[in-house]
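Structure data follow from model_31.csv (CSV, N, CA and C atoms):
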chain,number,residue,atom,x,y,z
N,119,MET,N,64.4,31.2,18.5
N,119,MET,CA,63.0,31.2,18.3
N,119,MET,C,62.4,30.0,19.0
N,120,ALA,N,61.3,30.3,19.6
N,120,ALA,CA,60.5,29.3,20.3
N,120,ALA,C,59.5,28.7,19.3
N,121,ALA,N,59.4,27.4,19.4
N,121,ALA,CA,58.4,26.7,18.6
N,121,ALA,C,57.0,26.9,19.1
N,122,VAL,N,56.1,27.3,18.2
N,122,VAL,CA,54.7,27.5,18.5
N,122,VAL,C,53.9,26.2,18.2
N,123,LYS,N,53.2,25.8,19.2
N,123,LYS,CA,52.5,24.5,19.1
N,123,LYS,C,51.0,24.9,18.6
N,124,THR,N,50.6,24.4,17.5
N,124,THR,CA,49.3,24.7,16.9
N,124,THR,C,48.6,23.3,16.8
N,125,THR,N,47.3,23.4,16.9
N,125,THR,CA,46.5,22.2,16.7
N,125,THR,C,45.9,22.2,15.3
N,126,ALA,N,45.8,21.1,14.7
N,126,ALA,CA,45.3,21.0,13.4
N,126,ALA,C,43.8,21.2,13.4
N,127,PRO,N,43.2,21.9,12.5
N,127,PRO,CA,41.8,22.1,12.5
N,127,PRO,C,41.1,20.8,12.2
N,128,GLY,N,39.9,20.5,12.7
N,128,GLY,CA,39.2,19.3,12.5
N,128,GLY,C,38.1,19.1,13.5
N,129,PHE,N,37.4,18.0,13.4
N,129,PHE,CA,36.3,17.8,14.3
N,129,PHE,C,36.8,17.0,15.5
N,130,VAL,N,36.2,17.3,16.6
N,130,VAL,CA,36.5,16.6,17.8
N,130,VAL,C,35.4,15.5,17.9
N,131,LEU,N,35.8,14.4,18.6
N,131,LEU,CA,34.8,13.3,18.7
N,131,LEU,C,33.5,13.7,19.3
N,132,ILE,N,33.5,14.6,20.2
N,132,ILE,CA,32.2,15.1,20.8
N,132,ILE,C,31.3,15.8,19.8
N,133,GLU,N,31.9,16.6,18.9
N,133,GLU,CA,31.2,17.2,17.8
N,133,GLU,C,30.5,16.2,16.9
N,134,ILE,N,31.3,15.2,16.5
N,134,ILE,CA,30.8,14.1,15.7
N,134,ILE,C,29.6,13.4,16.3
N,135,MET,N,29.8,13.1,17.6
N,135,MET,CA,28.7,12.4,18.4
N,135,MET,C,27.4,13.3,18.5
N,136,VAL,N,27.6,14.6,18.6
N,136,VAL,CA,26.4,15.4,18.6
N,136,VAL,C,25.7,15.4,17.3
N,137,VAL,N,26.4,15.5,16.2
N,137,VAL,CA,25.8,15.4,14.9
N,137,VAL,C,25.1,14.1,14.7
N,138,VAL,N,25.7,13.0,15.1
N,138,VAL,CA,25.1,11.7,14.9
N,138,VAL,C,23.8,11.6,15.8
N,139,ALA,N,23.9,12.1,17.0
N,139,ALA,CA,22.7,12.1,17.8
N,139,ALA,C,21.5,12.9,17.2
N,140,LEU,N,21.9,14.1,16.7
N,140,LEU,CA,20.8,14.9,16.0
N,140,LEU,C,20.2,14.2,14.8
N,141,ILE,N,21.0,13.6,14.0
N,141,ILE,CA,20.5,12.8,12.9
N,141,ILE,C,19.6,11.7,13.4
N,142,GLY,N,20.0,11.0,14.4
N,142,GLY,CA,19.1,10.0,15.0
N,142,GLY,C,17.8,10.5,15.5
N,143,ILE,N,17.8,11.6,16.1
N,143,ILE,CA,16.5,12.2,16.6
N,143,ILE,C,15.7,12.6,15.4
N,144,ILE,N,16.2,13.2,14.4
N,144,ILE,CA,15.4,13.6,13.2
N,144,ILE,C,14.9,12.4,12.6
N,145,LEU,N,15.6,11.3,12.4
N,145,LEU,CA,15.1,10.1,11.8
N,145,LEU,C,14.0,9.5,12.6
N,146,SER,N,14.2,9.5,13.9
N,146,SER,CA,13.2,8.8,14.8
N,146,SER,C,11.8,9.6,14.7
N,147,VAL,N,11.9,10.9,14.4
N,147,VAL,CA,10.6,11.6,14.2
N,147,VAL,C,10.1,11.5,12.8
N,148,ALA,N,10.9,11.5,11.8
N,148,ALA,CA,10.4,11.5,10.4
N,148,ALA,C,10.1,10.1,9.9
N,149,LEU,N,10.8,9.1,10.3
N,149,LEU,CA,10.6,7.8,9.7
N,149,LEU,C,9.2,7.2,9.9
N,150,PRO,N,8.6,7.2,11.1
N,150,PRO,CA,7.3,6.7,11.2
N,150,PRO,C,6.3,7.4,10.2
N,151,GLY,N,6.3,8.6,10.1
N,151,GLY,CA,5.5,9.4,9.2
N,151,GLY,C,5.7,9.0,7.7
N,152,TYR,N,6.9,8.8,7.4
N,152,TYR,CA,7.3,8.3,6.0
N,152,TYR,C,6.7,6.9,5.8
N,153,GLN,N,6.9,6.0,6.7
N,153,GLN,CA,6.4,4.7,6.6
N,153,GLN,C,4.9,4.7,6.4
N,154,GLN,N,4.1,5.5,7.2
N,154,GLN,CA,2.7,5.6,7.0
N,154,GLN,C,2.3,6.1,5.6
N,155,HIS,N,3.1,7.1,5.1
N,155,HIS,CA,2.9,7.6,3.8
N,155,HIS,C,3.0,6.5,2.7
N,156,VAL,N,4.0,5.7,2.9
N,156,VAL,CA,4.3,4.6,1.9
N,156,VAL,C,3.2,3.6,2.0
N,157,LEU,N,2.7,3.2,3.2
N,157,LEU,CA,1.6,2.2,3.3
N,157,LEU,C,0.4,2.8,2.7
N,158,GLY,N,0.1,4.1,2.9
N,158,GLY,CA,-1.0,4.8,2.3
N,158,GLY,C,-1.0,4.8,0.8
N,159,SER,N,0.2,4.9,0.2
N,159,SER,CA,0.3,4.9,-1.3
N,159,SER,C,-0.1,3.5,-1.8
N,160,TYR,N,0.3,2.5,-1.1
N,160,TYR,CA,-0.1,1.1,-1.6
N,160,TYR,C,-1.6,0.9,-1.4
N,161,ARG,N,-2.2,1.6,-0.4
N,161,ARG,CA,-3.7,1.5,-0.2
N,161,ARG,C,-4.3,2.0,-1.5
N,162,ARG,N,-3.8,3.1,-2.0
N,162,ARG,CA,-4.4,3.7,-3.3
N,162,ARG,C,-4.2,2.8,-4.4
N,163,GLU,N,-3.1,2.0,-4.5
N,163,GLU,CA,-2.9,1.0,-5.5
N,163,GLU,C,-4.0,0.0,-5.5
N,164,ALA,N,-4.3,-0.5,-4.3
N,164,ALA,CA,-5.3,-1.5,-4.1
N,164,ALA,C,-6.7,-1.0,-4.5
N,165,CYS,N,-7.0,0.2,-4.1
N,165,CYS,CA,-8.3,0.8,-4.5
N,165,CYS,C,-8.4,0.9,-6.0
N,166,ALA,N,-7.4,1.4,-6.7
N,166,ALA,CA,-7.4,1.6,-8.1
N,166,ALA,C,-7.5,0.2,-8.8
N,167,GLU,N,-6.8,-0.8,-8.3
N,167,GLU,CA,-6.9,-2.1,-8.9
N,167,GLU,C,-8.3,-2.7,-8.8
N,168,LEU,N,-9.0,-2.5,-7.7
N,168,LEU,CA,-10.3,-3.0,-7.5
N,168,LEU,C,-11.3,-2.2,-8.5
N,169,LEU,N,-11.1,-1.0,-8.6
N,169,LEU,CA,-11.9,-0.2,-9.6
N,169,LEU,C,-11.7,-0.6,-11.0
N,170,LYS,N,-10.5,-1.0,-11.3
N,170,LYS,CA,-10.2,-1.5,-12.7
N,170,LYS,C,-10.9,-2.8,-13.0
N,171,VAL,N,-10.8,-3.7,-12.0
N,171,VAL,CA,-11.5,-5.0,-12.2
N,171,VAL,C,-13.0,-4.8,-12.2
N,172,ALA,N,-13.5,-3.9,-11.4
N,172,ALA,CA,-15.0,-3.6,-11.4
N,172,ALA,C,-15.4,-3.2,-12.8
N,173,ASN,N,-14.6,-2.3,-13.4
N,173,ASN,CA,-14.9,-1.9,-14.8
N,173,ASN,C,-14.9,-3.0,-15.8
N,174,MET,N,-14.0,-4.0,-15.6
N,174,MET,CA,-14.0,-5.1,-16.4
N,174,MET,C,-15.2,-6.0,-16.2
N,175,GLN,N,-15.6,-6.1,-15.0
N,175,GLN,CA,-16.9,-6.9,-14.7
N,175,GLN,C,-18.1,-6.2,-15.3
N,176,GLN,N,-18.2,-4.9,-15.3
N,176,GLN,CA,-19.3,-4.3,-15.9
N,176,GLN,C,-19.3,-4.4,-17.5
N,177,LEU,N,-18.1,-4.4,-18.1
N,177,LEU,CA,-18.0,-4.7,-19.5
N,177,LEU,C,-18.5,-6.1,-19.8
N,178,LEU,N,-18.1,-7.1,-19.0
N,178,LEU,CA,-18.5,-8.5,-19.2
N,178,LEU,C,-20.0,-8.6,-19.1
N,179,LEU,N,-20.6,-7.9,-18.1
N,179,LEU,CA,-22.0,-7.9,-18.0
N,179,LEU,C,-22.7,-7.3,-19.2
N,180,ALA,N,-22.2,-6.2,-19.7
N,180,ALA,CA,-22.8,-5.6,-20.9
N,180,ALA,C,-22.7,-6.5,-22.1
N,181,GLU,N,-21.6,-7.3,-22.3
N,181,GLU,CA,-21.3,-8.1,-23.4
N,181,GLU,C,-22.0,-9.5,-23.3
N,182,GLN,N,-21.9,-10.1,-22.1
N,182,GLN,CA,-22.3,-11.5,-22.0
N,182,GLN,C,-23.4,-11.7,-20.9
N,183,TYR,N,-23.9,-10.6,-20.3
N,183,TYR,CA,-25.0,-10.7,-19.3
N,183,TYR,C,-24.6,-11.5,-18.1
N,184,ARG,N,-23.4,-11.4,-17.7
N,184,ARG,CA,-22.9,-12.2,-16.5
N,184,ARG,C,-21.7,-11.5,-15.9
N,185,TYR,N,-21.4,-11.9,-14.6
N,185,TYR,CA,-20.2,-11.6,-14.0
N,185,TYR,C,-19.3,-12.8,-13.9
N,186,SER,N,-18.1,-12.6,-13.5
N,186,SER,CA,-17.2,-13.8,-13.4
N,186,SER,C,-16.3,-13.7,-12.1
N,187,ALA,N,-16.1,-14.8,-11.5
N,187,ALA,CA,-15.2,-14.9,-10.3
N,187,ALA,C,-13.8,-15.3,-10.8
N,188,ASP,N,-13.7,-15.7,-12.1
N,188,ASP,CA,-12.4,-16.2,-12.6
N,188,ASP,C,-11.8,-15.0,-13.3
N,189,LEU,N,-10.8,-14.4,-12.7
N,189,LEU,CA,-10.1,-13.2,-13.2
N,189,LEU,C,-9.2,-13.5,-14.4
N,190,THR,N,-9.0,-14.8,-14.7
N,190,THR,CA,-8.3,-15.1,-16.0
N,190,THR,C,-9.1,-14.7,-17.2
N,191,GLU,N,-10.4,-14.6,-17.1
N,191,GLU,CA,-11.2,-14.1,-18.2
N,191,GLU,C,-10.9,-12.7,-18.6
N,192,PHE,N,-10.3,-11.9,-17.7
N,192,PHE,CA,-9.9,-10.5,-17.9
N,192,PHE,C,-8.5,-10.4,-18.3
N,193,GLY,N,-7.8,-11.5,-18.5
N,193,GLY,CA,-6.4,-11.4,-19.0
N,193,GLY,C,-5.4,-11.5,-17.9
N,194,PHE,N,-5.8,-11.8,-16.7
N,194,PHE,CA,-4.8,-12.0,-15.6
N,194,PHE,C,-4.3,-13.5,-15.6
N,195,ALA,N,-3.2,-13.7,-15.0
N,195,ALA,CA,-2.6,-15.0,-15.1
N,195,ALA,C,-3.3,-16.1,-14.2
N,196,HIS,N,-3.9,-15.6,-13.1
N,196,HIS,CA,-4.5,-16.6,-12.2
N,196,HIS,C,-5.9,-16.0,-11.8
N,197,SER,N,-6.7,-16.8,-11.2
N,197,SER,CA,-8.1,-16.4,-10.8
N,197,SER,C,-8.0,-15.4,-9.7
N,198,SER,N,-6.9,-15.3,-8.9
N,198,SER,CA,-6.6,-14.2,-8.0
N,198,SER,C,-5.2,-13.9,-8.3
N,199,TYR,N,-4.8,-12.6,-8.1
N,199,TYR,CA,-3.5,-12.2,-8.5
N,199,TYR,C,-3.0,-11.1,-7.5
N,200,LEU,N,-1.7,-10.9,-7.5
N,200,LEU,CA,-1.0,-9.9,-6.7
N,200,LEU,C,-1.0,-8.6,-7.6
N,201,THR,N,-1.1,-7.5,-6.9
N,201,THR,CA,-0.9,-6.2,-7.5
N,201,THR,C,0.5,-6.1,-8.0
N,202,GLU,N,0.8,-5.1,-8.7
N,202,GLU,CA,2.2,-4.9,-9.3
N,202,GLU,C,3.2,-4.8,-8.2
N,203,SER,N,2.9,-4.2,-7.0
N,203,SER,CA,3.8,-4.0,-5.9
N,203,SER,C,3.9,-5.3,-5.1
N,204,GLY,N,3.0,-6.3,-5.3
N,204,GLY,CA,3.0,-7.5,-4.6
N,204,GLY,C,2.4,-7.3,-3.1
N,205,ARG,N,1.8,-6.2,-2.8
N,205,ARG,CA,1.3,-6.0,-1.5
N,205,ARG,C,-0.1,-6.3,-1.3
N,206,PHE,N,-0.9,-6.6,-2.3
N,206,PHE,CA,-2.3,-6.9,-2.2
N,206,PHE,C,-2.6,-8.0,-3.1
N,207,ARG,N,-3.5,-9.0,-2.6
N,207,ARG,CA,-4.0,-10.0,-3.5
N,207,ARG,C,-5.4,-9.7,-3.9
N,208,ILE,N,-5.7,-9.6,-5.2
N,208,ILE,CA,-7.0,-9.3,-5.7
N,208,ILE,C,-7.7,-10.6,-6.0
N,209,SER,N,-9.0,-10.6,-5.6
N,209,SER,CA,-9.8,-11.8,-5.9
N,209,SER,C,-11.3,-11.4,-6.0
N,210,ALA,N,-12.1,-12.3,-6.6
N,210,ALA,CA,-13.5,-12.0,-6.9
N,210,ALA,C,-14.3,-13.3,-6.5
N,211,VAL,N,-15.5,-13.0,-6.0
N,211,VAL,CA,-16.4,-14.1,-5.7
N,211,VAL,C,-17.8,-13.6,-6.2
N,212,LEU,N,-18.5,-14.6,-6.7
N,212,LEU,CA,-19.9,-14.3,-7.1
N,212,LEU,C,-20.8,-14.4,-5.9
N,213,THR,N,-21.8,-13.4,-5.9
N,213,THR,CA,-22.8,-13.4,-4.8
N,213,THR,C,-24.1,-13.6,-5.5
N,214,SER,N,-25.2,-13.7,-4.7
N,214,SER,CA,-26.5,-13.9,-5.2
N,214,SER,C,-27.0,-12.7,-6.1
N,215,GLN,N,-26.4,-11.5,-5.8
N,215,GLN,CA,-26.8,-10.3,-6.6
N,215,GLN,C,-25.7,-9.9,-7.6
N,216,GLY,N,-24.6,-10.4,-7.5
N,216,GLY,CA,-23.5,-10.0,-8.5
N,216,GLY,C,-22.1,-10.5,-8.1
N,217,TYR,N,-21.3,-9.6,-7.7
N,217,TYR,CA,-19.9,-10.0,-7.4
N,217,TYR,C,-19.4,-9.2,-6.2
N,218,GLN,N,-18.4,-9.7,-5.6
N,218,GLN,CA,-17.6,-9.0,-4.5
N,218,GLN,C,-16.2,-9.1,-4.8
N,219,LEU,N,-15.5,-8.0,-5.0
N,219,LEU,CA,-14.1,-7.9,-5.2
N,219,LEU,C,-13.4,-7.7,-3.9
N,220,SER,N,-12.2,-8.3,-3.7
N,220,SER,CA,-11.5,-8.1,-2.5
N,220,SER,C,-10.0,-7.8,-2.8
N,221,ALA,N,-9.4,-7.0,-2.0
N,221,ALA,CA,-7.9,-6.8,-2.0
N,221,ALA,C,-7.4,-7.0,-0.6
N,222,MET,N,-6.7,-8.1,-0.4
N,222,MET,CA,-6.2,-8.5,0.9
N,222,MET,C,-4.7,-8.2,1.0
N,223,ALA,N,-4.3,-7.5,2.1
N,223,ALA,CA,-2.9,-7.1,2.3
N,223,ALA,C,-2.1,-8.4,2.4
N,224,THR,N,-0.9,-8.4,1.8
N,224,THR,CA,0.0,-9.5,1.9
N,224,THR,C,1.4,-8.9,2.1
N,225,GLY,N,2.3,-9.7,2.5
N,225,GLY,CA,3.7,-9.3,2.7
N,225,GLY,C,3.9,-8.1,3.6
N,226,ALA,N,4.7,-7.2,3.1
N,226,ALA,CA,5.1,-6.0,3.9
N,226,ALA,C,3.9,-5.1,4.2
N,227,GLN,N,2.8,-5.2,3.4
N,227,GLN,CA,1.6,-4.4,3.7
N,227,GLN,C,0.8,-4.8,4.9
N,228,GLN,N,1.1,-6.0,5.4
N,228,GLN,CA,0.4,-6.5,6.6
N,228,GLN,C,0.8,-5.6,7.8
N,229,GLN,N,1.8,-4.8,7.7
N,229,GLN,CA,2.2,-3.9,8.8
N,229,GLN,C,1.1,-2.8,8.9
N,230,ASP,N,0.4,-2.6,7.9
N,230,ASP,CA,-0.7,-1.6,7.9
N,230,ASP,C,-1.9,-2.2,8.7
N,231,SER,N,-1.9,-2.1,10.0
N,231,SER,CA,-2.9,-2.8,10.8
N,231,SER,C,-4.3,-2.2,10.6
N,232,ASP,N,-4.4,-1.0,10.1
N,232,ASP,CA,-5.8,-0.3,10.0
N,232,ASP,C,-6.5,-0.8,8.7
N,233,CYS,N,-5.8,-1.1,7.7
N,233,CYS,CA,-6.5,-1.4,6.4
N,233,CYS,C,-5.9,-2.7,5.8
N,234,GLN,N,-6.4,-3.8,6.2
N,234,GLN,CA,-6.0,-5.1,5.8
N,234,GLN,C,-6.8,-5.6,4.6
N,235,LEU,N,-8.0,-5.2,4.5
N,235,LEU,CA,-8.9,-5.7,3.5
N,235,LEU,C,-9.8,-4.6,2.9
N,236,PHE,N,-9.8,-4.6,1.6
N,236,PHE,CA,-10.7,-3.6,0.8
N,236,PHE,C,-11.7,-4.5,0.0
N,237,GLN,N,-12.9,-4.0,0.0
N,237,GLN,CA,-13.9,-4.7,-0.8
N,237,GLN,C,-14.7,-3.8,-1.6
N,238,LEU,N,-15.2,-4.3,-2.8
N,238,LEU,CA,-16.0,-3.5,-3.7
N,238,LEU,C,-17.0,-4.4,-4.3
N,239,ASP,N,-18.3,-4.0,-4.4
N,239,ASP,CA,-19.3,-4.9,-5.0
N,239,ASP,C,-19.9,-4.3,-6.3
N,240,GLN,N,-20.8,-5.0,-6.9
N,240,GLN,CA,-21.3,-4.5,-8.2
N,240,GLN,C,-22.1,-3.2,-8.1
N,241,TYR,N,-22.5,-2.8,-6.9
N,241,TYR,CA,-23.2,-1.5,-6.8
N,241,TYR,C,-22.3,-0.4,-6.5
N,242,GLY,N,-21.0,-0.7,-6.4
N,242,GLY,CA,-20.0,0.4,-6.1
N,242,GLY,C,-19.9,0.6,-4.6
N,243,VAL,N,-20.4,-0.2,-3.8
N,243,VAL,CA,-20.3,-0.1,-2.3
N,243,VAL,C,-18.9,-0.5,-1.9
N,244,LYS,N,-18.2,0.4,-1.3
N,244,LYS,CA,-16.8,0.2,-0.9
N,244,LYS,C,-16.8,0.0,0.6
N,245,SER,N,-16.0,-1.0,1.0
N,245,SER,CA,-15.8,-1.2,2.5
N,245,SER,C,-14.4,-1.6,2.7
N,246,SER,N,-13.9,-1.5,4.0
N,246,SER,CA,-12.6,-1.9,4.3
N,246,SER,C,-12.6,-2.4,5.8
N,247,GLN,N,-11.6,-3.2,6.1
N,247,GLN,CA,-11.5,-3.7,7.5
N,247,GLN,C,-10.1,-3.7,7.9
N,248,PRO,N,-9.8,-3.6,9.2
N,248,PRO,CA,-10.7,-3.4,10.3
N,248,PRO,C,-11.2,-2.0,10.4
N,249,ALA,N,-10.5,-1.0,9.8
N,249,ALA,CA,-11.0,0.4,9.9
N,249,ALA,C,-12.0,0.5,8.7
N,250,ALA,N,-13.0,1.3,8.9
N,250,ALA,CA,-14.1,1.5,7.9
N,250,ALA,C,-13.8,2.6,6.9
N,251,ASP,N,-12.8,3.4,7.1
N,251,ASP,CA,-12.5,4.6,6.3
N,251,ASP,C,-11.2,4.6,5.5
N,252,CYS,N,-10.9,3.4,5.0
N,252,CYS,CA,-9.6,3.3,4.3
N,252,CYS,C,-9.7,3.7,2.9
N,253,TRP,N,-10.9,3.7,2.3
N,253,TRP,CA,-11.0,4.1,0.9
N,253,TRP,C,-10.8,5.6,0.9
N,254,LEU,N,-10.0,6.1,0.0
N,254,LEU,CA,-9.7,7.5,-0.1
N,254,LEU,C,-10.7,8.2,-1.0
N,255,PRO,N,-11.1,9.4,-0.8
N,255,PRO,CA,-12.1,10.1,-1.7
N,255,PRO,C,-11.5,10.3,-3.1

Rewrite the coordinates I just gave you, this time as structure tokens.
Amino acid sequence: MAAVKTTAPGFVLIEIMVVVALIGIILSVALPGYQQHVLGSYRREACAELLKVANMQQLLLAEQYRYSADLTEFGFAHSSYLTESGRFRISAVLTSQGYQLSAMATGAQQQDSDCQLFQLDQYGVKSSQPAADCWLP
């Protein structure tokens, strides 16, 4: 009887390299979109935080007939503070007509070159910089 030579089933190096290349292509297409989605979610956090502080300012106005630039009056640890994610610094300044709240991008959020600064005043006027359309509806 003659010995029959068989090859063991398995993957060849070329097949593995093709799979790795396909995964790399898929990631290179999907990852930038995902990163933009993540940055956008933190934009929403900044907007929500500014609205929360604006509500506190309005309550202070109703109770004490004034606004405050010192956010410790609202229970925060410092007069300006980081959002829960640590990606925006919230601060307030008094103006001749009321107040201006700001959320400035910090840390990893600085990669979001379109929306570095969000602002909200006592009239509810929303603005952002450098792009003007960062506030979401």

Close residues, segment 216-219 of chain N itself excluded, 5 Å, all atoms listed in the file, min 4 positions apart in chain, as a compact mmCIF listing (two decimals) with N, CA and C atoms, keeping the file's coordinate frame:
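And here's selection-v4.txt as it stands now:
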# COMPACT_ATOMS: atom_id res chain seq x y z
N SER N 209 -9.00 -10.60 -5.60
CA SER N 209 -9.80 -11.80 -5.90
C SER N 209 -11.30 -11.40 -6.00
N ALA N 210 -12.10 -12.30 -6.60
CA ALA N 210 -13.50 -12.00 -6.90
C ALA N 210 -14.30 -13.30 -6.50
N VAL N 211 -15.50 -13.00 -6.00
CA VAL N 211 -16.40 -14.10 -5.70
C VAL N 211 -17.80 -13.60 -6.20
N LEU N 212 -18.50 -14.60 -6.70
CA LEU N 212 -19.90 -14.30 -7.10
C LEU N 212 -20.80 -14.40 -5.90
N GLN N 237 -12.90 -4.00 0.00
CA GLN N 237 -13.90 -4.70 -0.80
C GLN N 237 -14.70 -3.80 -1.60
N LEU N 238 -15.20 -4.30 -2.80
CA LEU N 238 -16.00 -3.50 -3.70
C LEU N 238 -17.00 -4.40 -4.30
N ASP N 239 -18.30 -4.00 -4.40
CA ASP N 239 -19.30 -4.90 -5.00
C ASP N 239 -19.90 -4.30 -6.30
N GLN N 240 -20.80 -5.00 -6.90
CA GLN N 240 -21.30 -4.50 -8.20
C GLN N 240 -22.10 -3.20 -8.10

Can you list, as a ChimeraX atom specification, every residue of chain N that DSSP puts in alpha helix (DSSP H)?
-> /N:131-182

Output as lines of an AutoDock Vina configuration file the centre and edge lengths (Å, one decimal) of the box along x, y and z of the file that holds every listed atom of segment 225-237 of chain N after adding 8 Å on each side.
center_x = -4.8
center_y = -5.0
center_z = 4.6
size_x = 35.8
size_y = 25.4
size_z = 28.4

Spatial neighbours of Thr224 of chain N, max dist 6.5 Å, only N, CA and C atoms, sep filter under 3 positions, as a list in words =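 The contact residues come out as Gly204, Arg205, Phe206, Arg207, Gln227 and Gln228 of chain N.
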
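Comparing the minimum interatomic distances between Gln175 of chain N and each of N:Ser203, N:Ser198, N:Pro248, N:Phe192, counting all atoms listed in the file, we find that N:Phe192 sits nearest.
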
Could you pull out the residues in segment 190-251 of chain N that DSSP calls strand (DSSP E) from the backbone, as JSON, numbers by chain?
-> {"N": [199, 200, 206, 207, 208, 209, 210, 211, 212, 217, 218, 219, 220, 221, 222, 223, 233, 234, 235, 236, 237, 238, 239, 244, 245, 246, 247, 248]}

May I ask for the distance between atom CA of Leu168 of chain N and atom N of Lys244 of chain N, given in Å to one decimal place?
-> 10.6 Å

Tell me which protein, DNA and RNA residues are within 7 Å of segment 149-160 of chain N, counting only N, CA and C atoms, leaving out same-chain ones fewer than 5 positions away, and put them as a ChimeraX atom specification.
-> /N:144,165,227,230

As a check of understanding: the span from atom C of Ser186 of chain N to atom CA of Ile208 of chain N is 12.1 Å

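Atom to atom, atom N of Glu202 of chain N and atom CA of Ala166 of chain N stand 10.6 Å apart.
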
For each of N:Ala139, N:Met174, N:Ala164, N:Ala180, take the minimum atom-to-atom distance to Ala221 of chain N, counting only C-alpha atoms, then give the residue where this is smallest.
-> N:Ala164

Option closest in space to Gln176 of chain N, from N:Tyr241, N:Ile143, N:Trp253, N:Gln247 [counting only C-alpha atoms] |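 When distances to Gln176 of chain N are compared using only C-alpha atoms, the smallest one comes from N:Tyr241.
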
Can we get segment 234-246 of chain N of that structure written down with N, CA and C atoms, as a PDB file, in the first residue's frame?
ATOM      1  N   GLN N 234     -15.527  74.609  19.816  1.00  0.00           N
ATOM      2  CA  GLN N 234     -14.648  74.755  20.970  1.00  0.00           C
ATOM      3  C   GLN N 234     -15.294  75.505  22.123  1.00  0.00           C
ATOM      4  N   LEU N 235     -16.262  76.366  21.816  1.00  0.00           N
ATOM      5  CA  LEU N 235     -16.856  77.217  22.832  1.00  0.00           C
ATOM      6  C   LEU N 235     -18.362  77.325  22.610  1.00  0.00           C
ATOM      7  N   PHE N 236     -19.117  77.082  23.661  1.00  0.00           N
ATOM      8  CA  PHE N 236     -20.567  77.270  23.665  1.00  0.00           C
ATOM      9  C   PHE N 236     -20.877  78.393  24.642  1.00  0.00           C
ATOM     10  N   GLN N 237     -21.845  79.256  24.287  1.00  0.00           N
ATOM     11  CA  GLN N 237     -22.236  80.340  25.182  1.00  0.00           C
ATOM     12  C   GLN N 237     -23.757  80.447  25.239  1.00  0.00           C
ATOM     13  N   LEU N 238     -24.231  80.919  26.384  1.00  0.00           N
ATOM     14  CA  LEU N 238     -25.659  81.098  26.613  1.00  0.00           C
ATOM     15  C   LEU N 238     -25.828  82.304  27.529  1.00  0.00           C
ATOM     16  N   ASP N 239     -26.748  83.200  27.177  1.00  0.00           N
ATOM     17  CA  ASP N 239     -26.952  84.373  28.037  1.00  0.00           C
ATOM     18  C   ASP N 239     -28.334  84.330  28.691  1.00  0.00           C
ATOM     19  N   GLN N 240     -28.643  85.380  29.460  1.00  0.00           N
ATOM     20  CA  GLN N 240     -29.887  85.412  30.228  1.00  0.00           C
ATOM     21  C   GLN N 240     -31.120  85.467  29.348  1.00  0.00           C
ATOM     22  N   TYR N 241     -30.984  85.846  28.091  1.00  0.00           N
ATOM     23  CA  TYR N 241     -32.121  85.876  27.175  1.00  0.00           C
ATOM     24  C   TYR N 241     -32.329  84.539  26.456  1.00  0.00           C
ATOM     25  N   GLY N 242     -31.455  83.594  26.697  1.00  0.00           N
ATOM     26  CA  GLY N 242     -31.543  82.305  26.024  1.00  0.00           C
ATOM     27  C   GLY N 242     -30.873  82.304  24.664  1.00  0.00           C
ATOM     28  N   VAL N 243     -30.086  83.339  24.367  1.00  0.00           N
ATOM     29  CA  VAL N 243     -29.370  83.412  23.094  1.00  0.00           C
ATOM     30  C   VAL N 243     -28.187  82.460  23.150  1.00  0.00           C
ATOM     31  N   LYS N 244     -28.165  81.537  22.205  1.00  0.00           N
ATOM     32  CA  LYS N 244     -27.132  80.502  22.156  1.00  0.00           C
ATOM     33  C   LYS N 244     -26.150  80.839  21.041  1.00  0.00           C
ATOM     34  N   SER N 245     -24.870  80.662  21.329  1.00  0.00           N
ATOM     35  CA  SER N 245     -23.847  80.866  20.312  1.00  0.00           C
ATOM     36  C   SER N 245     -22.743  79.841  20.507  1.00  0.00           C
ATOM     37  N   SER N 246     -21.955  79.645  19.468  1.00  0.00           N
ATOM     38  CA  SER N 246     -20.827  78.720  19.541  1.00  0.00           C
ATOM     39  C   SER N 246     -19.726  79.227  18.624  1.00  0.00           C
TER      40      SER N 246
END
